[in-house]
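Structure record follows, encoded as C-alpha cells.
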Amino acid sequence: MNIIGRLTRDAQVRTLSNGKQLVNFSVAVNDSYRNKQGERVEQTTYFDCADWRTTRLAPFLTKGALIELTGRVYASAWTGKNGEPKAGLNFHTSNIKFHGGSRKSGAFQDTDQSEKDRVSEQIIEDDLPF
C-alpha cells in the first residue's frame, strides 16, 4: 500500500529491550470528497508509522515534511486508561520517498535533498539480496 502525507511530529528512534532499533513517526493523510448535498468534506487519517530497516533517515523525518510511504497497514485496538475502547492505524514502512520540504522550515536546502537521496539509495542497495 502507498500513502502520501505530512509528518505530524519529528521522528523518534527507539531501542527495544533486545537491542533492535526502529524509527517511529506519525503521518497525516488528507482527503476530500463531495457529500450528497454537494458540500466539500475534508477528512484526515492518521497513521502511526514504524521503520525497522535503518535509523539513518530519522534526522530527515521532521514535522511537516511531505513523504510517500510504501508498506503494510494494519489496525490495532486497545483499552484506554479510562477504560474506553480505542483504535488506530499502524503502518510498517518498506520504502520512504521525500516529496518536499517541511512547512515549518519552508523548503529543504539542495544539500539536504541530495543527502536524503544518497541515504535512500544506500538503504535500497543494502536491501538487495544479491
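Every chain in the C-alpha cells takes a letter, A first, then B, and so on in the order presented; its residues are numbered from 1, and the ligands are numbered from 1 following the presented order.
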
* Selection: 8 Å around range 71-82 of chain A, only C-alpha atoms, excl. self and same-chain fewer than 5 positions, as a list of chain:residue names -> A:Met1, A:Asn2, A:Ala87, A:Gly88, A:Leu89, A:Asn90, A:Phe91, A:His92, A:Thr93, A:Ser94, A:Asn95

Selected residues written out, C-alpha atoms, as a PDB file, in the first residue's frame:
```pdb
ATOM      1  CA  MET A   1       0.000   0.000   0.000  1.00  0.00           C
ATOM      2  CA  ASN A   2       1.187   3.559  -0.714  1.00  0.00           C
ATOM      3  CA  ALA A  87      -8.335   2.010  17.862  1.00  0.00           C
ATOM      4  CA  GLY A  88      -5.668   3.259  15.482  1.00  0.00           C
ATOM      5  CA  LEU A  89      -3.984   2.612  12.150  1.00  0.00           C
ATOM      6  CA  ASN A  90      -0.374   1.481  12.056  1.00  0.00           C
ATOM      7  CA  PHE A  91       1.934   1.431   9.044  1.00  0.00           C
ATOM      8  CA  HIS A  92       5.131  -0.620   8.706  1.00  0.00           C
ATOM      9  CA  THR A  93       7.264   1.000   6.019  1.00  0.00           C
ATOM     10  CA  SER A  94       9.284  -0.771   3.372  1.00  0.00           C
ATOM     11  CA  ASN A  95      10.182   2.401   1.430  1.00  0.00           C
TER      12      ASN A  95
END
```

* Would you kindly return, as a PyMOL selection string, each protein, DNA or RNA residue with an atom no farther than 6 Å from any atom of Ser26 in chain A, considering only C-alpha atoms and excluding same-chain residues fewer than 3 positions away? => chain A and resi 7-8+47-49

* Which polymer residues have any atom within 9 Å of an atom of Thr54 in chain A, counting only C-alpha atoms, with same-chain residues fewer than 4 positions away left out, as a list in words? ->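 After dropping sequence-adjacent residues, the list is Gln21, Leu22, Val23, Ala58 and Ile123 of chain A.
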
* Pairwise distance for CA of Asn35 in chain A and CA of His99 in chain A, rounded to one decimal in Å -> 29.8 Å

* To do: Return the single residue from A:Ala50, A:Val41, A:Val27, A:Val13 that is closest to Glu68 in chain A, with distances computed using only C-alpha atoms.
  =>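 Nearest candidate to Glu68 in chain A out of A:Ala50, A:Val41, A:Val27, A:Val13: A:Val27.
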
* Of the listed residues A:Phe60, A:Trp52, A:Tyr33, A:Phe98, that which approaches Gly5 in chain A most closely, counting only C-alpha atoms ->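 Distance minimum relative to Gly5 in chain A lands on A:Phe98.
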
* To do: Could you pull out the residues in range 22-76 of chain A that DSSP calls strand (DSSP E) from the backbone, as a PyMOL selection string?
  => chain A and resi 22-34+40-51+66-76

* **Length of the CA of Ala28 in chain A to CA of Ala65 in chain A vector [Å]** =>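 One can read the CA of Ala28 in chain A to CA of Ala65 in chain A distance as 10.6 Å.
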
* Mind giving me the straight-line distance from CA of Ser32 in chain A to CA of Thr44 in chain A in Å, one decimal? =>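 Between CA of Ser32 in chain A and CA of Thr44 in chain A the gap is 8.6 Å.
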